[in-house]
$ cat protein30.cif   # mmCIF, C-alpha atoms
data_query
#
loop_
_atom_site.label_atom_id
_atom_site.label_comp_id
_atom_site.auth_asym_id
_atom_site.auth_seq_id
_atom_site.Cartn_x
_atom_site.Cartn_y
_atom_site.Cartn_z
CA MET A 1 134.29 301.69 77.25
CA THR A 2 134.33 304.61 79.71
CA ASP A 3 134.84 308.02 78.18
CA VAL A 4 137.32 310.59 79.38
CA PRO A 5 135.34 313.20 81.33
CA GLY A 6 134.89 316.63 79.79
CA GLU A 7 137.20 318.36 82.27
CA TYR A 8 140.18 316.78 80.50
CA ASP A 9 139.38 318.64 77.34
CA GLY A 10 141.37 321.55 78.77
CA VAL A 11 145.06 321.36 79.66
CA PRO A 12 145.42 318.62 82.26
CA ASP A 13 148.14 318.66 84.93
CA GLY A 14 149.72 315.68 86.70
CA ASP A 15 146.84 315.25 89.16
CA THR A 16 144.25 315.29 86.40
CA VAL A 17 146.22 312.61 84.60
CA LEU A 18 146.17 310.57 87.80
CA MET A 19 142.39 310.89 87.90
CA THR A 20 142.22 309.64 84.35
CA PHE A 21 144.33 306.67 85.34
CA GLY A 22 141.66 306.00 87.97
CA ARG A 23 139.16 305.83 85.10
CA ALA A 24 141.51 303.58 83.18
CA TRP A 25 141.78 301.20 86.18
CA GLU A 26 137.98 301.11 86.30
CA CYS A 27 137.96 300.06 82.65
CA LEU A 28 140.52 297.37 83.47
CA ALA A 29 138.31 296.12 86.29
CA ASP A 30 135.60 295.65 83.63
CA ASP A 31 138.16 293.85 81.41
CA ASP A 32 137.95 296.76 78.97
CA ILE A 33 141.63 296.97 78.04
CA GLU A 34 140.97 299.02 74.93
CA GLY A 35 139.03 301.59 76.96
CA ALA A 36 141.75 301.74 79.62
CA LEU A 37 144.43 302.40 77.03
CA GLU A 38 142.37 304.98 75.19
CA ASN A 39 141.59 306.95 78.37
CA ALA A 40 145.17 306.94 79.58
CA THR A 41 146.68 307.76 76.17
CA ARG A 42 144.30 310.68 75.61
CA ALA A 43 145.20 312.23 78.95
CA LEU A 44 148.93 311.84 78.25
CA THR A 45 148.72 313.30 74.76
CA GLN A 46 147.00 316.40 76.13
CA ILE A 47 149.78 317.23 78.58
CA ASP A 48 152.88 319.14 77.48
CA ASP A 49 154.73 319.50 80.79
CA PRO A 50 157.10 316.71 81.89
CA LEU A 51 155.27 314.26 84.16
CA PRO A 52 156.11 314.28 87.88
CA ASP A 53 157.59 311.11 89.38
CA HIS A 54 154.44 309.83 91.08
CA VAL A 55 152.49 310.13 87.83
CA ILE A 56 155.20 308.17 86.00
CA GLU A 57 154.93 305.44 88.65
CA ALA A 58 151.16 305.29 88.15
CA ALA A 59 151.52 305.24 84.35
CA LEU A 60 154.07 302.41 84.48
CA ALA A 61 151.92 300.45 86.93
CA LEU A 62 149.02 300.70 84.50
CA GLU A 63 151.23 299.58 81.63
CA ARG A 64 152.49 296.59 83.65
CA GLU A 65 148.95 295.55 84.50
CA ILE A 66 147.87 295.73 80.86
CA VAL A 67 150.88 293.66 79.79
CA VAL A 68 150.15 291.07 82.51
CA ARG A 69 146.50 290.84 81.47
CA SER A 70 146.69 290.92 77.71
CA GLY A 71 150.36 290.39 76.76
CA SER A 72 150.09 293.02 74.06
CA ASP A 73 147.39 295.26 72.70
CA PRO A 74 147.33 297.41 69.53
CA GLY A 75 146.83 300.52 71.70
CA LEU A 76 149.79 299.72 73.93
CA ASN A 77 152.42 301.13 71.55
CA GLU A 78 150.58 304.43 71.25
CA TYR A 79 150.29 304.65 75.03
CA ARG A 80 153.99 303.85 75.45
CA ALA A 81 154.93 306.54 72.91
CA ALA A 82 152.83 309.14 74.77
CA LEU A 83 154.38 308.08 78.05
CA GLN A 84 157.89 308.26 76.61
CA ARG A 85 157.22 311.75 75.26
CA THR A 86 155.98 313.17 78.58
CA GLY A 87 158.19 311.10 80.90
CA GLY A 88 161.33 311.00 78.77
CA LEU A 89 164.48 309.62 80.32
CA ARG A 90 162.87 308.90 83.69
CA VAL A 91 160.47 306.40 82.09
CA SER A 92 163.38 304.57 80.47
CA THR A 93 165.25 304.44 83.78
CA ARG A 94 162.24 303.13 85.70
CA ARG A 95 161.41 300.60 83.02
CA ALA A 96 164.95 299.26 83.11
CA THR A 97 164.54 298.31 86.76
CA ILE A 98 161.18 296.58 86.29
CA GLY A 99 161.25 292.80 86.00
CA ARG A 100 164.81 292.46 87.21
CA PRO A 101 165.57 291.77 90.89
CA SER A 102 168.15 294.10 92.40
CA LEU A 103 171.59 292.75 93.26
CA ALA A 104 170.77 292.96 96.98
CA SER A 105 167.63 290.84 96.67
CA TRP A 106 169.43 288.36 94.41
CA ARG A 107 172.19 288.00 97.03
CA LEU A 108 169.68 287.53 99.87
CA CYS A 109 167.99 284.79 97.85
CA ASP A 110 171.36 283.17 97.15
CA TRP A 111 172.39 283.21 100.83
CA GLY A 112 169.01 281.74 101.81
CA ALA A 113 169.33 278.96 99.24
CA ASN A 114 172.89 278.17 100.39
CA LEU A 115 171.73 277.99 104.02
CA ALA A 116 168.75 275.75 103.23
CA VAL A 117 169.33 272.04 103.67
CA GLU A 118 167.18 271.14 100.65
CA PRO A 119 169.36 271.46 97.51
CA GLU A 120 166.44 272.26 95.20
CA ARG A 121 165.63 275.54 96.95
CA GLY A 122 168.16 277.57 94.92
CA GLU A 123 166.44 277.05 91.58
CA GLU A 124 162.94 277.18 93.05
CA TRP A 125 163.49 280.45 94.89
CA LYS A 126 165.24 282.15 91.96
CA GLU A 127 162.26 281.36 89.75
CA ALA A 128 159.92 282.80 92.40
CA LEU A 129 162.07 285.92 92.83
CA LEU A 130 162.09 286.56 89.07
CA GLN A 131 158.31 286.34 89.03
CA VAL A 132 157.95 288.66 92.03
CA ALA A 133 160.28 291.15 90.32
CA ALA A 134 158.21 290.99 87.13
CA GLU A 135 155.05 291.94 89.00
CA ASN A 136 156.16 294.17 91.88
CA GLY A 137 158.31 297.11 92.84
CA ARG A 138 161.81 297.00 94.24
CA GLY A 139 160.74 297.20 97.90
CA GLN A 140 158.44 294.21 97.66
CA VAL A 141 161.10 292.17 95.86
CA LEU A 142 163.57 292.95 98.64
CA ARG A 143 161.02 291.98 101.30
CA TYR A 144 160.33 288.70 99.51
CA ALA A 145 164.06 288.00 99.26
CA ALA A 146 164.45 288.70 103.01
CA GLY A 147 161.69 286.13 103.62
CA LEU A 148 163.63 283.60 101.53
CA LEU A 149 166.75 284.25 103.61
CA TYR A 150 164.71 283.61 106.76
CA ALA A 151 163.32 280.39 105.24
CA GLY A 152 166.88 279.21 104.50
CA LEU A 153 168.00 280.04 108.02
CA HIS A 154 164.97 278.24 109.47
CA SER A 155 165.74 275.17 107.38
CA ARG A 156 169.35 275.03 108.60
CA VAL A 157 168.58 275.70 112.29
CA SER A 158 165.71 273.18 112.46
CA TRP A 159 167.98 270.59 110.80
CA TRP A 160 170.64 271.16 113.50
CA VAL A 161 168.03 270.99 116.27
CA ARG A 162 166.57 267.76 114.81
CA ARG A 163 170.00 266.20 114.60
CA ALA A 164 170.84 267.15 118.17
CA ALA A 165 167.43 266.22 119.60
CA THR A 166 167.04 262.79 117.99
CA PRO A 167 169.50 260.88 120.28
CA CYS A 168 168.21 262.74 123.37
CA VAL A 169 164.59 261.86 122.55
CA ALA A 170 165.57 258.23 121.87
CA TYR A 171 167.29 258.01 125.27
CA LEU A 172 164.32 259.60 127.07
CA CYS A 173 161.89 257.20 125.33
CA TRP A 174 164.03 254.26 126.51
CA MET A 175 163.84 255.61 130.09
CA LEU A 176 160.09 256.24 129.88
CA ARG A 177 159.34 252.70 128.61
CA SER A 178 160.13 251.31 132.07
CA GLN A 179 158.62 252.48 135.38
CA VAL A 180 161.83 251.49 137.18
CA ARG A 181 164.07 253.45 134.82
CA THR A 182 161.75 256.45 135.01
CA TRP A 183 160.99 256.63 138.70
CA VAL A 184 164.22 255.48 140.40
CA PRO A 185 166.19 258.56 139.29
CA LEU A 186 163.20 260.87 139.87
CA LEU A 187 162.55 259.47 143.37
CA GLY A 188 166.25 259.83 144.13
CA LEU A 189 166.05 263.44 143.06
CA LEU A 190 162.93 264.00 145.19
CA LEU A 191 164.59 262.39 148.23
CA TRP A 192 167.70 264.51 147.84
CA GLY A 193 165.62 267.70 147.38
CA GLY A 194 163.45 266.80 150.39
CA LEU A 195 166.47 266.20 152.64
CA GLU A 196 168.08 269.47 151.52
CA THR A 197 164.84 271.38 152.17
CA ALA A 198 164.41 269.73 155.60
CA ALA A 199 167.95 270.69 156.58
CA ASP A 200 167.59 274.25 155.27
CA THR A 201 163.99 275.16 156.13
CA GLY A 202 162.34 272.41 158.16
CA PRO A 203 160.35 269.17 157.81
CA GLY A 204 157.06 270.93 156.92
CA ALA A 205 158.58 272.65 153.90
CA ALA A 206 160.26 269.37 152.88
CA VAL A 207 156.90 267.54 152.85
CA VAL A 208 155.30 270.30 150.76
CA PHE A 209 158.30 270.25 148.37
CA VAL A 210 158.15 266.46 147.93
CA ILE A 211 154.38 266.40 147.34
CA LEU A 212 154.36 269.28 144.83
CA SER A 213 157.44 268.04 142.96
CA GLY A 214 156.05 264.49 142.90
CA VAL A 215 152.80 265.69 141.34
CA GLY A 216 154.78 267.80 138.85
CA PHE A 217 157.06 264.89 137.86
CA PHE A 218 154.06 262.56 137.47
CA GLY A 219 152.32 265.05 135.17
CA LEU A 220 155.50 265.57 133.12
CA VAL A 221 156.15 261.82 132.73
CA GLU A 222 152.56 261.11 131.66
CA TRP A 223 152.59 264.04 129.21
CA LEU A 224 155.90 262.91 127.63
CA ARG A 225 154.63 259.32 127.32
CA LYS A 226 151.49 260.52 125.59
CA ARG A 227 153.34 262.96 123.32
CA TRP A 228 155.94 260.43 122.17
CA ASN A 229 153.50 257.51 122.25
CA VAL A 230 155.64 255.56 124.72
CA GLN A 231 154.03 252.33 125.97
CA VAL A 232 155.21 251.14 129.40
CA ARG A 233 156.34 247.51 129.34
CA ARG A 234 153.64 245.26 130.78
CA THR A 235 155.97 243.50 133.26
CA ASP A 236 156.77 246.86 134.81
CA THR A 237 153.15 247.90 135.33
CA ARG A 238 152.22 244.77 137.34
CA PRO A 239 151.77 245.46 141.06
CA MET B 1 149.68 258.71 118.16
CA GLY B 2 148.63 262.28 117.34
CA SER B 3 149.17 264.16 114.09
CA PRO B 4 152.84 264.57 113.06
CA ILE B 5 151.99 268.15 112.07
CA ARG B 6 150.90 270.80 114.54
CA MET B 7 147.76 272.37 113.10
CA THR B 8 148.51 276.04 113.54
CA ARG B 9 146.51 278.66 111.70
CA THR B 10 149.26 279.17 109.11
CA THR B 11 149.61 275.41 108.48
CA ARG B 12 145.85 275.22 108.03
CA ASP B 13 145.96 278.11 105.50
CA VAL B 14 148.69 276.38 103.47
CA LEU B 15 146.82 273.07 103.56
CA GLU B 16 143.59 274.76 102.44
CA THR B 17 145.40 276.23 99.42
CA LEU B 18 146.83 272.81 98.57
CA GLN B 19 143.39 271.23 99.03
CA ALA B 20 141.84 273.83 96.72
CA ALA B 21 144.44 273.00 94.05
CA THR B 22 143.80 269.27 94.51
CA SER B 23 140.07 269.78 94.07
CA ARG B 24 140.84 271.47 90.73
CA ASN B 25 143.05 268.48 89.82
CA ASP B 26 145.93 270.87 89.79
CA ALA B 27 149.17 271.49 91.68
CA THR B 28 150.33 274.77 93.14
CA TYR B 29 153.68 276.44 93.84
CA GLY B 30 155.28 278.35 96.69
CA LEU B 31 154.73 281.87 95.37
CA GLU B 32 151.08 281.17 94.60
CA ILE B 33 150.57 279.86 98.15
CA CYS B 34 152.17 283.08 99.47
CA LYS B 35 149.80 285.17 97.33
CA VAL B 36 146.65 283.22 98.24
CA THR B 37 147.33 283.00 101.97
CA GLY B 38 148.99 286.39 102.34
CA LEU B 39 151.85 284.69 104.22
CA GLY B 40 155.52 285.44 103.58
CA PRO B 41 157.99 282.95 102.09
CA GLY B 42 159.67 282.69 105.50
CA THR B 43 156.47 281.06 106.80
CA VAL B 44 155.29 279.12 103.76
CA TYR B 45 158.49 277.27 102.78
CA PRO B 46 159.23 275.83 106.28
CA ILE B 47 155.63 274.53 106.38
CA LEU B 48 155.99 272.99 102.90
CA THR B 49 159.26 271.36 103.99
CA ARG B 50 157.55 269.81 107.05
CA LEU B 51 154.57 268.61 105.01
CA GLU B 52 156.90 267.08 102.45
CA ARG B 53 158.95 265.35 105.17
CA VAL B 54 155.91 263.66 106.74
CA GLY B 55 154.66 262.61 103.29
CA TRP B 56 151.53 264.73 103.12
CA VAL B 57 152.81 266.68 100.13
CA ARG B 58 154.67 265.65 97.00
CA ALA B 59 156.91 268.09 95.12
CA TYR B 60 158.12 267.91 91.52
CA TRP B 61 159.62 270.19 88.88
CA ALA B 62 157.20 271.69 86.38
CA GLU B 63 157.75 270.66 82.78
CA ASP B 64 158.84 273.86 81.09
CA ASP B 65 160.66 274.40 77.81
CA THR B 66 161.51 278.04 78.49
CA ARG B 67 165.00 278.93 79.63
CA GLY B 68 165.80 279.91 83.19
CA PRO B 69 165.09 278.36 86.58
CA ARG B 70 162.27 275.83 86.79
CA ARG B 71 159.16 276.06 88.95
CA ARG B 72 158.65 273.53 91.74
CA MET B 73 155.08 272.32 92.08
CA TYR B 74 153.41 270.96 95.22
CA GLU B 75 150.40 268.69 95.52
CA LEU B 76 148.75 266.74 98.32
CA THR B 77 149.38 263.00 98.38
CA GLY B 78 146.62 260.47 99.10
CA GLU B 79 148.13 260.04 102.55
CA GLY B 80 147.99 263.81 103.03
CA VAL B 81 144.33 264.04 102.01
CA SER B 82 143.27 261.25 104.41
CA ALA B 83 145.48 262.61 107.21
CA ILE B 84 143.88 266.06 106.90
CA GLN B 85 140.41 264.52 106.98
CA ALA B 86 141.36 262.53 110.09
CA VAL B 87 142.80 265.60 111.80
CA GLU B 88 139.73 267.68 110.93
CA ALA B 89 137.43 264.95 112.25
CA THR B 90 139.21 264.71 115.60
CA ALA B 91 140.17 268.37 116.01
CA PRO B 92 138.44 269.96 118.99
CA SER B 93 136.32 273.00 118.31
CA ALA B 94 138.08 276.34 118.66
CA ARG B 95 135.33 277.50 121.01
CA PRO B 96 135.36 276.29 124.61
CA ARG B 97 132.73 273.68 125.47
CA TRP B 98 130.69 276.08 127.63
CA ALA B 99 130.47 278.54 124.71
CA GLN B 100 129.22 275.99 122.19
#

$ encode --input "protein30.cif" --output "structure tokens"
Amino acid sequence: MTDVPGEYDGVPDGDTVLMTFGRAWECLADDDIEGALENATRALTQIDDPLPDHVIEAALALEREIVVRSGSDPGLNEYRAALQRTGGLRVSTRRATIGRPSLASWRLCDWGANLAVEPERGEEWKEALLQVAAENGRGQVLRYAAGLLYAGLHSRVSWWVRRAATPCVAYLCWMLRSQVRTWVPLLGLLLWGGLETAADTGPGAAVVFVILSGVGFFGLVEWLRKRWNVQVRRTDTRP
Amino acid sequence: MGSPIRMTRTTRDVLETLQAATSRNDATYGLEICKVTGLGPGTVYPILTRLERVGWVRAYWAEDDTRGPRRRMYELTGEGVSAIQAVEATAPSARPRWAQ
């Protein structure tokens, strides 16, 4: 166990209490829960002034960590009593918000779950949100809930995109399976573009346009065939 | 045909967490993956959905007698384990060839 330093034997203020909490966290890091509680309780029992807000936050964070690690400890009640005496009503108010997601975060989670295509997300995400709320502050819970809303939106949008893309991809694969089906429309397009360029700019520009576009189309066709694993029918590949 | 999953850094992080759970003969859940990888739920859940769709991951509800919503667990399937090994074996090095 780590002892409270001698300077706390006087009348500690809020900052001194914070320093003692630092000691208590060190004890916790060594799994010395009893030492952590003893240090923190001693500092609180020596202070008569009401605790400032940031000290209450630190005291409640320490309490939460001890509860998470040990569930309950004989020294926990004494620590809570000291905290209640110095923090009073503000401790009760803060404690009431711990472990319960705010209405806003609950709604965000609900909207996300309703947007998601997978029906099981509602229950899964509510369980996760409750756990996040039990371990974290309000801001973090809200951020987590916003992430859930984004996940729901992502699920819905990708489902729409998949639905819309599937027939298009199937049609393109059918085209790519045959050299004739692939190249007749593309050569037509090249010819039309070449003629337009020749009429507008001149034959030199038309030749450059046709060569560059031809190379580009060839690269695109080969890339799509590789990506979608499209095999060209053997009869089409014969010279 | 190539891998049905694009191996981005975030996908790799999620798969590593799932692999770690599998090596412990255990399953993991969405929030734990978020904590381990440091990724947000908006990144982790879409990846889990994709992995589940291609059959690399299996999801089930945790057996729990307590009241309230249940926890959904995720674990790698046999197909997932072999697919990851195949992807890792064929994946090109992150460094360019001249720098190797």

$ interface_residues --input "protein30.cif" --of "chain A" --to "chain B" --cutoff "6 Å" --atoms "all atoms listed in the file" --output "PyMOL selection string"
chain A and resi 123-124+127+147-148+150-151+229

$ atom_distance --input "protein30.cif" --atom1 "atom CA of Val184 of chain A" --atom2 "atom CA of Val161 of chain A"
28.9 Å

$ atom_distance --input "protein30.cif" --atom1 "atom CA of Arg12 of chain B" --atom2 "atom CA of Gly80 of chain B"
12.6 Å

$ resolve_selection --input "protein30.cif" --expression "the PyMOL selection byres ((chain B and resi 55) around 12)" --output "list in words"
Pro4, Ile5, Leu48, Thr49, Arg50, Leu51, Glu52, Arg53, Val54, Trp56, Val57, Arg58, Ala59, Tyr74, Glu75, Leu76, Thr77, Gly78, Glu79, Gly80, Val81, Ser82, Ala83 and Ile84 of chain B

$ resolve_selection --input "protein30.cif" --expression "the PyMOL selection byres ((chain A and resi 62) around 10)" --output "VMD selection string"
chain A and resid 21 to 22 24 to 25 28 36 to 37 40 56 to 61 63 to 68

$ write_last_selection --input "protein30.cif" --atoms "C-alpha atoms" --output "PDB file, keeping the file's coordinate frame"
ATOM      1  CA  PHE A  21     144.330 306.670  85.340  1.00  0.00           C
ATOM      2  CA  GLY A  22     141.660 306.000  87.970  1.00  0.00           C
ATOM      3  CA  ALA A  24     141.510 303.580  83.180  1.00  0.00           C
ATOM      4  CA  TRP A  25     141.780 301.200  86.180  1.00  0.00           C
ATOM      5  CA  LEU A  28     140.520 297.370  83.470  1.00  0.00           C
ATOM      6  CA  ALA A  36     141.750 301.740  79.620  1.00  0.00           C
ATOM      7  CA  LEU A  37     144.430 302.400  77.030  1.00  0.00           C
ATOM      8  CA  ALA A  40     145.170 306.940  79.580  1.00  0.00           C
ATOM      9  CA  ILE A  56     155.200 308.170  86.000  1.00  0.00           C
ATOM     10  CA  GLU A  57     154.930 305.440  88.650  1.00  0.00           C
ATOM     11  CA  ALA A  58     151.160 305.290  88.150  1.00  0.00           C
ATOM     12  CA  ALA A  59     151.520 305.240  84.350  1.00  0.00           C
ATOM     13  CA  LEU A  60     154.070 302.410  84.480  1.00  0.00           C
ATOM     14  CA  ALA A  61     151.920 300.450  86.930  1.00  0.00           C
ATOM     15  CA  GLU A  63     151.230 299.580  81.630  1.00  0.00           C
ATOM     16  CA  ARG A  64     152.490 296.590  83.650  1.00  0.00           C
ATOM     17  CA  GLU A  65     148.950 295.550  84.500  1.00  0.00           C
ATOM     18  CA  ILE A  66     147.870 295.730  80.860  1.00  0.00           C
ATOM     19  CA  VAL A  67     150.880 293.660  79.790  1.00  0.00           C
ATOM     20  CA  VAL A  68     150.150 291.070  82.510  1.00  0.00           C
TER      21      VAL A  68
END

$ residues_around --input "protein30.cif" --residues "Arg177 of chain A" --least-positions-apart "4" --cutoff "12 Å" --atoms "all atoms listed in the file" --output "MDAnalysis selection string"
chainID A and resid 170:173 181:183 221:222 224:226 228:237

$ write_last_selection --input "protein30.cif" --atoms "C-alpha atoms" --output "short mmCIF file (atom, residue, chain, number, x, y, z; two decimals), in the frame of the given file"
data_model
loop_
_atom_site.label_atom_id
_atom_site.label_comp_id
_atom_site.auth_asym_id
_atom_site.auth_seq_id
_atom_site.Cartn_x
_atom_site.Cartn_y
_atom_site.Cartn_z
CA ALA A 170 165.57 258.23 121.87
CA TYR A 171 167.29 258.01 125.27
CA LEU A 172 164.32 259.60 127.07
CA CYS A 173 161.89 257.20 125.33
CA ARG A 181 164.07 253.45 134.82
CA THR A 182 161.75 256.45 135.01
CA TRP A 183 160.99 256.63 138.70
CA VAL A 221 156.15 261.82 132.73
CA GLU A 222 152.56 261.11 131.66
CA LEU A 224 155.90 262.91 127.63
CA ARG A 225 154.63 259.32 127.32
CA LYS A 226 151.49 260.52 125.59
CA TRP A 228 155.94 260.43 122.17
CA ASN A 229 153.50 257.51 122.25
CA VAL A 230 155.64 255.56 124.72
CA GLN A 231 154.03 252.33 125.97
CA VAL A 232 155.21 251.14 129.40
CA ARG A 233 156.34 247.51 129.34
CA ARG A 234 153.64 245.26 130.78
CA THR A 235 155.97 243.50 133.26
CA ASP A 236 156.77 246.86 134.81
CA THR A 237 153.15 247.90 135.33
#

$ atom_distance --input "protein30.cif" --atom1 "atom CA of Lys126 of chain A" --atom2 "atom CA of Thr8 of chain B"
28.0 Å

$ axis_aligned_box --input "protein30.cif" --around "segment 69-84 of chain B" --padding-each-side "3 Å" --output "lines of an AutoDock Vina configuration file"
center_x = 154.2
center_y = 269.2
center_z = 96.9
size_x = 27.8
size_y = 24.3
size_z = 26.6

$ residues_around --input "protein30.cif" --residues "segment 211-219 of chain A" --least-positions-apart "6" --cutoff "9 Å" --atoms "all atoms listed in the file" --output "NGL selection string"
:A and (186-187 or 190)

$ resolve_selection --input "protein30.cif" --expression "the PyMOL selection byres ((chain B and resi 26) around 12)" --output "compact mmCIF listing (two decimals) with C-alpha atoms, keeping the file's coordinate frame"
# COMPACT_ATOMS: atom_id res chain seq x y z
CA THR B 17 145.40 276.23 99.42
CA LEU B 18 146.83 272.81 98.57
CA GLN B 19 143.39 271.23 99.03
CA ALA B 20 141.84 273.83 96.72
CA ALA B 21 144.44 273.00 94.05
CA THR B 22 143.80 269.27 94.51
CA SER B 23 140.07 269.78 94.07
CA ARG B 24 140.84 271.47 90.73
CA ASN B 25 143.05 268.48 89.82
CA ALA B 27 149.17 271.49 91.68
CA THR B 28 150.33 274.77 93.14
CA TYR B 29 153.68 276.44 93.84
CA ALA B 62 157.20 271.69 86.38
CA MET B 73 155.08 272.32 92.08
CA TYR B 74 153.41 270.96 95.22
CA GLU B 75 150.40 268.69 95.52
CA LEU B 76 148.75 266.74 98.32

$ closest_residue --input "protein30.cif" --among "A:Trp125, A:Asn114, A:Pro101, A:Pro167" --to "Arg138 of chain A" --atoms "all atoms listed in the file"
A:Pro101

$ closest_residue --input "protein30.cif" --among "A:Leu103, A:Val157, A:Ala116, A:Ala205" --to "Ala133 of chain A" --atoms "all atoms listed in the file"
A:Leu103

$ closest_residue --input "protein30.cif" --among "A:Trp223, A:Phe209, A:Trp111, A:Trp160" --to "Gly194 of chain A" --atoms "all atoms listed in the file"
A:Phe209

$ closest_residue --input "protein30.cif" --among "A:Val132, A:Ala82, A:Cys27, A:Val117" --to "Ser105 of chain A" --atoms "all atoms listed in the file"
A:Val132
